[in-house]
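Okay, start.tsv is below, TSV, C-alpha atoms and all ligand atoms:
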chain	number	residue	atom	x	y	z
A	13	MET	CA	56.55	43.07	90.96
A	14	ARG	CA	58.52	40.16	92.40
A	15	GLN	CA	61.84	40.11	90.63
A	16	GLU	CA	62.45	37.38	88.03
A	17	ARG	CA	65.85	35.75	87.69
A	18	PRO	CA	67.13	35.31	84.10
A	19	GLY	CA	65.87	31.67	83.96
A	20	GLY	CA	62.35	32.78	84.94
A	21	GLU	CA	62.93	31.61	88.53
A	22	ARG	CA	61.47	34.04	91.11
A	23	GLU	CA	63.65	35.97	93.57
A	24	ASN	CA	62.60	34.99	97.06
A	25	ARG	CA	64.37	37.85	98.78
A	26	VAL	CA	64.09	41.60	98.28
A	27	THR	CA	66.40	44.32	99.64
A	28	VAL	CA	65.26	47.94	99.93
A	29	ARG	CA	67.03	51.02	101.28
A	30	ALA	CA	65.26	54.05	102.69
A	31	PRO	CA	66.60	57.47	103.72
A	32	ALA	CA	66.78	59.52	106.90
A	33	LYS	CA	64.95	62.86	106.83
A	34	LEU	CA	65.48	66.37	108.10
A	35	ASN	CA	62.74	68.95	108.51
A	36	LEU	CA	63.86	72.22	106.90
A	37	GLN	CA	60.77	73.78	108.47
A	38	LEU	CA	58.68	72.23	111.22
A	39	ALA	CA	55.76	74.48	112.15
A	40	VAL	CA	53.65	72.97	114.92
A	41	GLY	CA	50.08	74.20	115.27
A	42	PRO	CA	47.53	73.40	117.97
A	43	PRO	CA	47.00	69.89	119.39
A	44	ARG	CA	44.26	68.03	117.49
A	45	GLY	CA	42.61	66.08	120.27
A	46	ASP	CA	43.72	62.70	118.87
A	47	GLY	CA	47.20	62.89	120.40
A	48	TYR	CA	48.68	64.62	117.34
A	49	HIS	CA	49.40	68.23	116.40
A	50	HIS	CA	48.51	70.06	113.20
A	51	LEU	CA	51.74	70.47	111.26
A	52	VAL	CA	53.19	72.16	108.27
A	53	THR	CA	56.63	70.82	107.54
A	54	VAL	CA	59.20	70.71	104.76
A	55	PHE	CA	60.72	67.25	104.68
A	56	HIS	CA	64.13	66.74	103.08
A	57	ALA	CA	65.55	63.22	102.59
A	58	VAL	CA	69.31	62.83	103.05
A	59	SER	CA	71.84	60.20	102.01
A	60	LEU	CA	71.92	58.19	105.21
A	61	PHE	CA	70.13	54.92	104.54
A	62	ASP	CA	68.82	51.94	106.47
A	63	GLU	CA	68.65	48.73	104.48
A	64	ILE	CA	66.09	46.00	104.95
A	65	THR	CA	65.80	42.56	103.39
A	66	VAL	CA	62.61	40.50	103.39
A	67	GLU	CA	62.24	36.81	102.64
A	68	PRO	CA	59.45	34.27	103.19
A	69	ALA	CA	59.15	32.76	106.69
A	70	ALA	CA	56.65	30.68	108.65
A	71	ARG	CA	55.65	33.78	110.64
A	72	ASP	CA	56.60	37.44	110.70
A	73	ARG	CA	59.78	38.19	112.59
A	74	VAL	CA	62.48	40.82	112.60
A	75	THR	CA	66.19	40.94	113.27
A	76	VAL	CA	68.09	44.21	113.67
A	77	THR	CA	71.82	44.84	113.32
A	78	GLY	CA	73.96	47.99	113.09
A	79	GLU	CA	73.78	51.45	114.70
A	80	GLY	CA	71.70	51.34	117.91
A	81	ALA	CA	70.21	47.92	117.05
A	82	ASP	CA	69.76	46.97	120.72
A	83	ARG	CA	67.33	49.89	121.16
A	84	VAL	CA	64.98	48.86	118.34
A	85	PRO	CA	61.95	46.81	119.47
A	86	ALA	CA	62.13	43.31	117.98
A	87	GLY	CA	58.50	42.34	118.54
A	88	ARG	CA	55.12	43.45	117.20
A	89	ASP	CA	55.95	47.08	118.15
A	90	ASN	CA	58.64	47.16	115.51
A	91	LEU	CA	57.51	49.72	112.94
A	92	ALA	CA	58.67	47.59	109.99
A	93	LEU	CA	56.59	44.63	111.25
A	94	ARG	CA	53.62	46.96	111.74
A	95	ALA	CA	54.06	48.07	108.14
A	96	VAL	CA	54.09	44.42	107.00
A	97	ALA	CA	50.82	43.81	108.89
A	98	ALA	CA	49.24	46.98	107.49
A	99	LEU	CA	50.13	45.98	103.92
A	100	ARG	CA	48.86	42.43	104.49
A	101	ALA	CA	45.49	43.86	105.57
A	102	GLU	CA	45.29	45.52	102.12
A	103	VAL	CA	46.22	42.40	100.13
A	104	PRO	CA	44.63	39.49	102.01
A	105	GLY	CA	45.21	35.98	100.73
A	106	ARG	CA	48.54	36.52	98.99
A	107	ALA	CA	50.74	37.78	101.80
A	108	PRO	CA	52.55	34.96	103.63
A	109	GLY	CA	54.86	35.46	106.64
A	110	VAL	CA	58.18	37.24	106.23
A	111	ARG	CA	61.51	37.53	107.95
A	112	VAL	CA	62.59	41.17	107.99
A	113	ALA	CA	66.32	41.84	108.46
A	114	ILE	CA	67.10	45.49	109.22
A	115	THR	CA	70.60	46.96	108.93
A	116	LYS	CA	70.58	50.28	110.76
A	117	ARG	CA	72.74	53.23	109.87
A	118	ILE	CA	70.20	55.87	110.91
A	119	PRO	CA	70.52	56.38	114.69
A	120	VAL	CA	67.49	55.38	116.75
A	121	ALA	CA	65.21	58.04	118.35
A	122	ALA	CA	67.41	60.76	116.89
A	123	GLY	CA	64.85	62.93	115.06
A	124	LEU	CA	65.81	61.45	111.69
A	125	ALA	CA	62.75	59.19	111.21
A	126	GLY	CA	64.83	56.01	111.10
A	127	GLY	CA	61.94	53.81	112.25
A	128	SER	CA	59.71	55.38	109.61
A	129	ALA	CA	62.37	54.72	106.97
A	130	ASP	CA	62.39	51.04	107.99
A	131	ALA	CA	58.58	50.92	107.75
A	132	ALA	CA	58.62	52.56	104.31
A	133	ALA	CA	61.30	50.10	103.19
A	134	ALA	CA	59.26	47.15	104.49
A	135	LEU	CA	56.23	48.31	102.47
A	136	VAL	CA	58.23	48.55	99.24
A	137	ALA	CA	59.99	45.23	99.92
A	138	CYS	CA	56.83	43.23	100.72
A	139	ASN	CA	54.94	44.81	97.83
A	140	ALA	CA	57.70	43.43	95.57
A	141	LEU	CA	58.09	40.06	97.35
A	142	TRP	CA	54.37	39.31	97.37
A	143	GLY	CA	53.82	40.70	93.89
A	144	SER	CA	51.01	42.82	95.36
A	145	GLY	CA	51.31	45.44	92.64
A	146	LEU	CA	50.24	48.41	94.78
A	147	GLY	CA	51.16	51.76	93.21
A	148	GLN	CA	52.88	54.62	95.02
A	149	ALA	CA	49.60	56.35	95.96
A	150	GLN	CA	48.18	53.15	97.50
A	151	LEU	CA	51.41	52.51	99.40
A	152	VAL	CA	51.32	56.08	100.73
A	153	ASP	CA	47.78	55.43	102.09
A	154	VAL	CA	49.00	52.31	103.90
A	155	ALA	CA	52.10	54.17	105.13
A	156	ALA	CA	49.98	56.93	106.71
A	157	LYS	CA	48.30	54.30	108.92
A	158	VAL	CA	51.70	53.16	110.21
A	159	GLY	CA	53.15	56.58	111.19
A	160	SER	CA	53.17	60.28	110.34
A	161	ASP	CA	56.62	60.24	108.70
A	162	VAL	CA	56.28	56.91	106.84
A	163	PRO	CA	54.69	58.34	103.64
A	164	PHE	CA	57.66	60.67	103.24
A	165	GLY	CA	60.03	57.68	103.59
A	166	LEU	CA	58.40	56.35	100.42
A	167	LEU	CA	58.51	59.63	98.53
A	168	GLY	CA	61.94	61.04	99.45
A	169	GLY	CA	63.27	64.24	97.85
A	170	THR	CA	61.95	67.47	99.36
A	171	ALA	CA	58.24	67.71	100.11
A	172	VAL	CA	55.75	69.76	102.08
A	173	GLY	CA	53.87	67.71	104.71
A	174	ARG	CA	50.55	68.78	106.23
A	175	GLY	CA	47.99	67.23	108.55
A	176	ARG	CA	50.11	65.28	111.01
A	177	GLY	CA	52.85	65.24	108.34
A	178	GLU	CA	51.36	62.47	106.22
A	179	ARG	CA	49.72	64.62	103.50
A	180	LEU	CA	52.53	65.30	101.07
A	181	THR	CA	53.17	67.60	98.13
A	182	PRO	CA	56.57	67.34	96.42
A	183	ALA	CA	58.43	70.68	96.49
A	184	LEU	CA	59.23	71.95	93.02
A	185	ALA	CA	62.83	73.07	93.15
A	186	PRO	CA	65.93	73.02	90.93
A	187	ALA	CA	68.20	69.98	91.19
A	188	THR	CA	70.49	71.57	93.77
A	189	GLN	CA	72.49	69.22	95.95
A	190	TYR	CA	72.81	70.42	99.53
A	191	HIS	CA	75.71	69.41	101.77
A	192	TRP	CA	74.86	68.69	105.39
A	193	VAL	CA	76.75	67.68	108.49
A	194	LEU	CA	74.79	65.74	111.09
A	195	ALA	CA	75.95	65.83	114.70
A	196	PHE	CA	74.67	62.79	116.60
A	197	ALA	CA	74.11	63.27	120.34
A	198	GLU	CA	74.90	60.92	123.22
A	199	GLY	CA	71.29	60.54	124.34
A	200	GLN	CA	67.94	60.01	122.68
A	201	LEU	CA	64.70	61.96	122.75
A	202	SER	CA	61.21	60.47	122.60
A	203	THR	CA	59.04	62.25	120.02
A	204	PRO	CA	55.86	62.28	122.18
A	205	GLU	CA	57.88	63.72	125.10
A	206	VAL	CA	59.25	66.53	122.94
A	207	TYR	CA	55.74	67.44	121.70
A	208	ALA	CA	54.53	67.34	125.32
A	209	ALA	CA	57.41	69.64	126.36
A	210	LEU	CA	56.38	72.08	123.60
A	211	ASP	CA	52.78	72.07	124.88
A	212	ARG	CA	54.08	72.85	128.38
A	213	LEU	CA	56.32	75.69	127.11
A	214	ARG	CA	53.39	77.17	125.20
A	215	ALA	CA	51.08	76.87	128.19
A	216	ARG	CA	53.67	78.78	130.26
A	217	GLU	CA	53.94	81.43	127.55
A	218	ALA	CA	50.16	81.77	127.44
A	219	ARG	CA	50.09	82.32	131.21
A	220	GLY	CA	52.60	85.10	130.66
A	221	ASP	CA	55.44	83.39	132.53
A	222	GLU	CA	57.69	83.95	129.53
A	223	GLN	CA	57.75	85.90	126.30
A	224	PRO	CA	56.82	83.59	123.44
A	225	PRO	CA	59.85	83.16	121.17
A	226	ARG	CA	57.88	82.87	117.93
A	227	HIS	CA	54.13	82.62	118.29
A	228	GLN	CA	52.78	85.83	119.72
A	229	GLY	CA	49.41	84.22	120.39
A	230	GLY	CA	46.22	84.96	118.49
A	231	PRO	CA	43.24	86.91	119.79
A	232	GLY	CA	42.48	84.03	122.17
A	233	GLY	CA	46.08	84.23	123.41
A	234	ASP	CA	46.24	80.69	124.80
A	235	ARG	CA	46.02	78.64	121.63
A	236	PRO	CA	48.96	78.45	119.21
A	237	PRO	CA	48.07	79.83	115.76
A	238	GLU	CA	47.65	77.48	112.83
A	239	ALA	CA	50.95	76.35	111.35
A	240	THR	CA	51.79	77.99	108.02
A	241	LEU	CA	54.31	77.26	105.31
A	242	ASP	CA	57.33	79.60	105.32
A	243	ALA	CA	57.23	81.42	101.97
A	244	GLY	CA	60.85	82.56	102.57
A	245	LEU	CA	62.10	78.97	102.78
A	246	MET	CA	60.12	77.91	99.70
A	247	SER	CA	61.54	80.81	97.70
A	248	ALA	CA	65.05	79.97	98.97
A	249	LEU	CA	64.56	76.36	97.81
A	250	ARG	CA	63.34	77.57	94.40
A	251	SER	CA	66.46	79.74	94.07
A	252	GLY	CA	68.70	76.78	94.92
A	253	ASP	CA	70.88	79.18	96.96
A	254	ALA	CA	72.19	77.31	100.01
A	255	ARG	CA	72.91	80.60	101.83
A	256	LEU	CA	69.25	81.59	101.64
A	257	VAL	CA	68.12	78.12	102.65
A	258	GLY	CA	70.50	78.21	105.62
A	259	ARG	CA	68.98	81.48	106.83
A	260	THR	CA	65.40	80.22	106.63
A	261	LEU	CA	65.66	76.87	108.46
A	262	SER	CA	63.20	76.68	111.38
A	263	ASN	CA	61.87	74.16	113.85
A	264	ASP	CA	59.13	74.88	116.41
A	265	LEU	CA	60.17	71.74	118.30
A	266	GLN	CA	63.69	73.09	118.84
A	267	PRO	CA	63.00	75.02	122.08
A	268	ALA	CA	61.30	71.90	123.47
A	269	ALA	CA	64.21	69.65	122.46
A	270	LEU	CA	66.66	72.16	123.98
A	271	SER	CA	64.67	72.27	127.21
A	272	LEU	CA	65.06	68.48	127.51
A	273	CYS	CA	68.63	68.37	126.23
A	274	PRO	CA	70.32	71.74	127.01
A	275	ALA	CA	73.75	70.52	125.79
A	276	LEU	CA	72.46	70.85	122.21
A	277	ARG	CA	72.74	74.67	122.50
A	278	LYS	CA	76.52	74.27	122.55
A	279	THR	CA	76.44	71.93	119.57
A	280	LEU	CA	74.35	74.38	117.49
A	281	ALA	CA	76.51	77.35	118.49
A	282	ALA	CA	79.73	75.48	117.66
A	283	GLY	CA	78.53	74.58	114.16
A	284	LEU	CA	77.51	78.17	113.42
A	285	GLU	CA	80.83	79.50	114.75
A	286	LEU	CA	82.60	77.02	112.48
A	287	GLY	CA	80.90	78.51	109.42
A	288	ALA	CA	77.67	76.56	108.87
A	289	LEU	CA	75.16	78.47	106.73
A	290	GLY	CA	72.38	77.38	109.06
A	291	ALA	CA	71.80	75.01	111.94
A	292	LEU	CA	68.83	73.36	113.57
A	293	VAL	CA	67.72	70.45	115.66
A	294	SER	CA	66.42	67.76	113.32
A	295	GLY	CA	62.73	66.99	113.96
A	296	SER	CA	62.26	66.15	117.63
A	297	GLY	CA	66.06	65.81	118.08
A	298	PRO	CA	68.57	65.29	119.48
A	299	THR	CA	70.50	65.19	116.17
A	300	CYS	CA	71.65	68.63	115.00
A	301	ALA	CA	71.89	69.38	111.27
A	302	PHE	CA	74.25	71.97	109.75
A	303	LEU	CA	74.09	73.20	106.17
A	304	ALA	CA	77.47	73.77	104.51
A	305	ALA	CA	78.29	75.83	101.40
A	306	SER	CA	80.05	72.96	99.56
A	307	ALA	CA	81.29	69.39	99.93
A	308	LYS	CA	84.69	70.77	100.99
A	309	ARG	CA	83.14	73.06	103.63
A	310	ALA	CA	81.08	70.12	104.92
A	311	LEU	CA	84.24	68.04	105.32
A	312	ASP	CA	86.00	70.86	107.20
A	313	LEU	CA	82.94	71.40	109.40
A	314	ALA	CA	82.61	67.67	110.15
A	315	VAL	CA	86.28	67.41	111.15
A	316	SER	CA	86.12	70.55	113.34
A	317	LEU	CA	82.83	69.57	114.99
A	318	SER	CA	84.04	66.11	115.88
A	319	GLY	CA	87.18	67.68	117.37
A	320	ALA	CA	85.16	70.20	119.39
A	321	GLY	CA	83.71	67.56	121.72
A	322	VAL	CA	80.14	68.78	121.30
A	323	CYS	CA	78.60	65.55	119.96
A	324	ARG	CA	78.97	61.76	119.93
A	325	SER	CA	79.88	61.51	116.24
A	326	VAL	CA	79.28	63.25	112.92
A	327	ALA	CA	78.22	62.24	109.42
A	328	ARG	CA	78.36	64.06	106.11
A	329	VAL	CA	75.27	63.60	103.95
A	330	THR	CA	73.70	65.21	100.90
A	331	GLY	CA	70.11	65.94	100.07
A	332	PRO	CA	67.67	65.55	98.53
A	333	ALA	CA	67.95	61.74	98.48
A	334	PRO	CA	65.49	59.32	96.86
A	335	GLY	CA	62.74	57.57	98.81
A	336	ALA	CA	62.57	53.85	99.63
A	337	ALA	CA	63.66	51.79	96.61
A	338	VAL	CA	64.63	48.22	95.78
A	339	VAL	CA	68.39	47.72	95.64
A	340	PRO	CA	68.94	45.99	92.29
A	341	GLY	CA	71.07	42.87	92.08
A	342	ARG	CA	70.76	41.91	95.77
A	343	PRO	CA	71.36	39.49	97.28
B	1	LIG	O1	52.95	59.24	113.92
B	1	LIG	P1	54.04	58.84	114.86
B	1	LIG	O2	53.77	57.54	115.53
B	1	LIG	O3	55.40	58.89	114.24
B	1	LIG	O4	54.06	59.96	115.99
B	1	LIG	C1	54.75	59.75	117.18
B	1	LIG	C2	54.25	60.71	118.23
B	1	LIG	O5	54.65	62.05	117.92
B	1	LIG	C3	52.75	60.81	118.36
B	1	LIG	O6	52.25	59.80	119.21
B	1	LIG	C4	52.55	62.19	118.95
B	1	LIG	O7	52.82	62.20	120.34
B	1	LIG	C5	53.66	62.99	118.29
B	1	LIG	N1	53.18	63.69	117.07
B	1	LIG	C6	52.36	64.79	117.21
B	1	LIG	N2	51.90	65.43	116.09
B	1	LIG	C7	52.27	65.03	114.87
B	1	LIG	C8	53.13	63.92	114.70
B	1	LIG	C9	53.57	63.27	115.84
B	1	LIG	O8	52.01	65.19	118.33
B	1	LIG	N3	51.82	65.69	113.80

Can the structure from this file be put into structure tokens for me?
Ligand code: C5P
Amino acid sequence: MRQERPGGERENRVTVRAPAKLNLQLAVGPPRGDGYHHLVTVFHAVSLFDEITVEPAARDRVTVTGEGADRVPAGRDNLALRAVAALRAEVPGRAPGVRVAITKRIPVAAGLAGGSADAAAALVACNALWGSGLGQAQLVDVAAKVGSDVPFGLLGGTAVGRGRGERLTPALAPATQYHWVLAFAEGQLSTPEVYAALDRLRAREARGDEQPPRHQGGPGGDRPPEATLDAGLMSALRSGDARLVGRTLSNDLQPAALSLCPALRKTLAAGLELGALGALVSGSGPTCAFLAASAKRALDLAVSLSGAGVCRSVARVTGPAPGAAVVPGRP
């Protein structure tokens, strides 16, 4: 699906934007033995987008500009380059080298799946540039090999994720627009370290050192129960009532993120005191997300939060946002 210019000449550059995500629920089950945990999660894409442009090059390479660019790996570890390689493996023979230019707006290692958004964008962009013609379902299969959150970067909207998060079902819900305030933290958190901290907290709970905050332990006592979808959240989403959604937000990784970054407690408390309908750490953190009752309330909350000195900066976003898509008319 390489774009044609009016004269029939082919575009040799494709620009795609892909959204950040929140997890409205993140239920973490037992470790799987392959380094991952069984999950049930409700992904929600929001209107904070990274943009990537691909064009032919002698060999694959990446440049990164924008928010936190110096902390994004520029070599083979770059998730967008890994996505390019994964797509090439599916379409051998018609996939020459590319230069990938990433413009970051999604903060790095912030629990917003920015790297996954870049990977999803790279898949859509190269599929178009190379004229590979892969459909959404095929791209989702490739995306799952690149990272747990990459398939959702393609899909966008609001969706239930299972497995390690890569098995998606779109959530059927009315076209409600939710208003969020994101509070970005000074530091970063590494996703594997947050999962490891959760395992440690649960091991302590199982030994009886502490009362478990949520999982009471099954008959075996020392193994977290299977993760299950929160029927209350799903019914709140079906009602389109932001107040109900705010009350049913949940994240099993939050205690682990707070144990590594205790200052986030203050951030969450401040947002709730300032009238947020609900608050939670986004994914593995450290970004905190606050649901507001309206665009006006979100603006007030953003202004007050940034004045309260409890975060590095704030952003107002709405959700659900669309998944990775070609930006028409660029460059
Ligand atoms: O799939 P991705 O590379 O984004 O995952 C990053 C890390 O997060 C994994 O290496 C693992 O430590 C942790 N993770 C997990 N269970 C999941 C998803 C991610 O433990 N379902």

Have a look at atom CA of A:Pro182 and atom CA of A:Gly168 and let me know their distance in Å, one decimal.
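These atoms are spaced 8.8 Å apart.
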
Collect all residues with atoms no farther than 9 Å from ligand LIG 1 (chain B), counting all atoms listed in the file, and output them as a PyMOL selection string.
chain A and resi 40-41+43-44+46-52+125+127-128+156-162+174-178+202-208+296

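Distances to A:Thr299 were evaluated for A:Val322, A:Ala97, A:Ala57, A:Ala195 using only C-alpha atoms, and the minimum falls at A:Ala195.
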
Would you place a box with edges along x, y and z of the file around all atoms of stretch 310-320 of chain A listed there, add 3 Å to each of its six sides, and report the centre and edge lengths in Å to one decimal, as AutoDock Vina command-line options?
--center_x 84.1 --center_y 68.8 --center_z 112.2 --size_x 12.1 --size_y 11.3 --size_z 20.5

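Here atom CA of A:Leu286 is placed at a distance of 17.5 Å from atom CA of A:Tyr190.
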
Atom CA of A:Thr279 to atom CA of A:Ala314, straight-line distance in Å
12.0 Å

Shortest interatomic distance to A:Ala336 - which of A:Gly169, A:Thr77, A:Arg100, A:Leu91, counting all atoms listed in the file:
A:Gly169

Can you pull out every residue within 7 Å of A:Val76, counting all atoms listed in the file, but drop anything in the same chain fewer than 5 positions away, and send it as a PyMOL selection string?
chain A and resi 81+113-115

Shell around A:Ala86 at 9 Å using all atoms listed in the file, local window under 2 positions removed, as a PyMOL selection string
chain A and resi 73-76+82-84+88-90+93

Considering only C-alpha atoms, can you say which of A:Phe61, A:Phe55, A:Trp192, A:Trp142 comes closest to A:Ala337?
A:Phe61

A:Gly297 surroundings by only C-alpha atoms, 9 Å radius, close-in-sequence under 6 positions cut, as a PyMOL selection string:
chain A and resi 121-124+197+200-203+206+265-266+269-270+273

So, with all atoms listed in the file as the atoms that count, which of A:Thr181, A:Ser271, A:Asn24, A:Ser247 lies closest to A:Thr65?
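Nearest candidate to A:Thr65 out of A:Thr181, A:Ser271, A:Asn24, A:Ser247: A:Asn24.
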
Show which residues sit within 9 Å of A:Pro334, as a list in words. Count all atoms listed in the file, and ignore same-chain residues fewer than 5 positions away.
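Listed by chain and then number, they are Ala30, Pro31, Ala57, Val58, Ser59, Gly165, Leu166, Leu167, Gly168 and Gly169 of chain A.
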
C-alpha atoms of the current selection, written as a CSV table (one decimal), in the frame of the given file:
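The result, stored in again30.csv:
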chain,number,residue,atom,x,y,z
A,30,ALA,CA,65.3,54.0,102.7
A,31,PRO,CA,66.6,57.5,103.7
A,57,ALA,CA,65.6,63.2,102.6
A,58,VAL,CA,69.3,62.8,103.0
A,59,SER,CA,71.8,60.2,102.0
A,165,GLY,CA,60.0,57.7,103.6
A,166,LEU,CA,58.4,56.4,100.4
A,167,LEU,CA,58.5,59.6,98.5
A,168,GLY,CA,61.9,61.0,99.4
A,169,GLY,CA,63.3,64.2,97.8

Mind listing as a tab-separated table (two decimals) with C-alpha atoms, in the frame of the given file all residues within 10 Å of (76.2, 70.4, 100.6), counting all atoms listed in the file?
chain	number	residue	atom	x	y	z
A	188	THR	CA	70.49	71.57	93.77
A	189	GLN	CA	72.49	69.22	95.95
A	190	TYR	CA	72.81	70.42	99.53
A	191	HIS	CA	75.71	69.41	101.77
A	192	TRP	CA	74.86	68.69	105.39
A	193	VAL	CA	76.75	67.68	108.49
A	254	ALA	CA	72.19	77.31	100.01
A	302	PHE	CA	74.25	71.97	109.75
A	303	LEU	CA	74.09	73.20	106.17
A	304	ALA	CA	77.47	73.77	104.51
A	305	ALA	CA	78.29	75.83	101.40
A	306	SER	CA	80.05	72.96	99.56
A	307	ALA	CA	81.29	69.39	99.93
A	308	LYS	CA	84.69	70.77	100.99
A	309	ARG	CA	83.14	73.06	103.63
A	310	ALA	CA	81.08	70.12	104.92
A	311	LEU	CA	84.24	68.04	105.32
A	328	ARG	CA	78.36	64.06	106.11
A	329	VAL	CA	75.27	63.60	103.95
A	330	THR	CA	73.70	65.21	100.90
A	331	GLY	CA	70.11	65.94	100.07

Of the listed residues A:Val338, A:Leu272, A:Leu256, A:Ala248, that which approaches A:Cys138 most closely, counting only C-alpha atoms
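Closest to A:Cys138, using only C-alpha atoms: A:Val338.
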
Place all heavy atoms on stretch 38-45 of chain A and deliver the coordinates as a JSON list (two decimals), in the coordinates of the input.
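As a result, rebuild-v4.json now contains:
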[["chain", "number", "residue", "atom", "x", "y", "z"],
["A", 38, "LEU", "N", 59.65, 73.04, 110.47],
["A", 38, "LEU", "CA", 58.68, 72.23, 111.22],
["A", 38, "LEU", "C", 57.83, 73.21, 112.03],
["A", 38, "LEU", "O", 58.27, 73.72, 113.07],
["A", 38, "LEU", "CB", 59.40, 71.21, 112.11],
["A", 38, "LEU", "CG", 58.54, 70.27, 112.97],
["A", 38, "LEU", "CD1", 57.36, 69.70, 112.20],
["A", 38, "LEU", "CD2", 59.38, 69.12, 113.49],
["A", 39, "ALA", "N", 56.67, 73.55, 111.48],
["A", 39, "ALA", "CA", 55.76, 74.48, 112.15],
["A", 39, "ALA", "C", 54.68, 73.65, 112.83],
["A", 39, "ALA", "O", 53.99, 72.86, 112.18],
["A", 39, "ALA", "CB", 55.13, 75.43, 111.12],
["A", 40, "VAL", "N", 54.59, 73.78, 114.14],
["A", 40, "VAL", "CA", 53.65, 72.97, 114.92],
["A", 40, "VAL", "C", 52.48, 73.85, 115.33],
["A", 40, "VAL", "O", 52.66, 74.86, 116.02],
["A", 40, "VAL", "CB", 54.34, 72.37, 116.17],
["A", 40, "VAL", "CG1", 53.36, 71.49, 116.94],
["A", 40, "VAL", "CG2", 55.58, 71.58, 115.78],
["A", 41, "GLY", "N", 51.30, 73.47, 114.90],
["A", 41, "GLY", "CA", 50.08, 74.20, 115.27],
["A", 41, "GLY", "C", 49.48, 73.62, 116.54],
["A", 41, "GLY", "O", 50.15, 72.94, 117.32],
["A", 42, "PRO", "N", 48.18, 73.85, 116.73],
["A", 42, "PRO", "CA", 47.53, 73.40, 117.97],
["A", 42, "PRO", "C", 47.41, 71.87, 118.03],
["A", 42, "PRO", "O", 47.39, 71.21, 117.00],
["A", 42, "PRO", "CB", 46.13, 74.02, 117.87],
["A", 42, "PRO", "CG", 46.17, 74.97, 116.72],
["A", 42, "PRO", "CD", 47.29, 74.59, 115.84],
["A", 43, "PRO", "N", 47.29, 71.33, 119.24],
["A", 43, "PRO", "CA", 47.00, 69.89, 119.39],
["A", 43, "PRO", "C", 45.64, 69.59, 118.77],
["A", 43, "PRO", "O", 44.75, 70.43, 118.78],
["A", 43, "PRO", "CB", 46.96, 69.67, 120.91],
["A", 43, "PRO", "CG", 47.42, 70.93, 121.53],
["A", 43, "PRO", "CD", 47.36, 72.02, 120.53],
["A", 44, "ARG", "N", 45.49, 68.36, 118.24],
["A", 44, "ARG", "CA", 44.26, 68.03, 117.49],
["A", 44, "ARG", "C", 43.21, 67.31, 118.31],
["A", 44, "ARG", "O", 42.10, 67.09, 117.85],
["A", 44, "ARG", "CB", 44.60, 67.12, 116.30],
["A", 44, "ARG", "CG", 45.59, 67.70, 115.36],
["A", 44, "ARG", "CD", 45.61, 67.05, 114.01],
["A", 44, "ARG", "NE", 45.50, 65.60, 114.00],
["A", 44, "ARG", "CZ", 45.62, 64.87, 112.89],
["A", 44, "ARG", "NH1", 45.88, 65.47, 111.74],
["A", 44, "ARG", "NH2", 45.51, 63.56, 112.92],
["A", 45, "GLY", "N", 43.60, 66.83, 119.49],
["A", 45, "GLY", "CA", 42.61, 66.08, 120.27],
["A", 45, "GLY", "C", 42.70, 64.58, 120.05],
["A", 45, "GLY", "O", 42.04, 63.81, 120.74]]
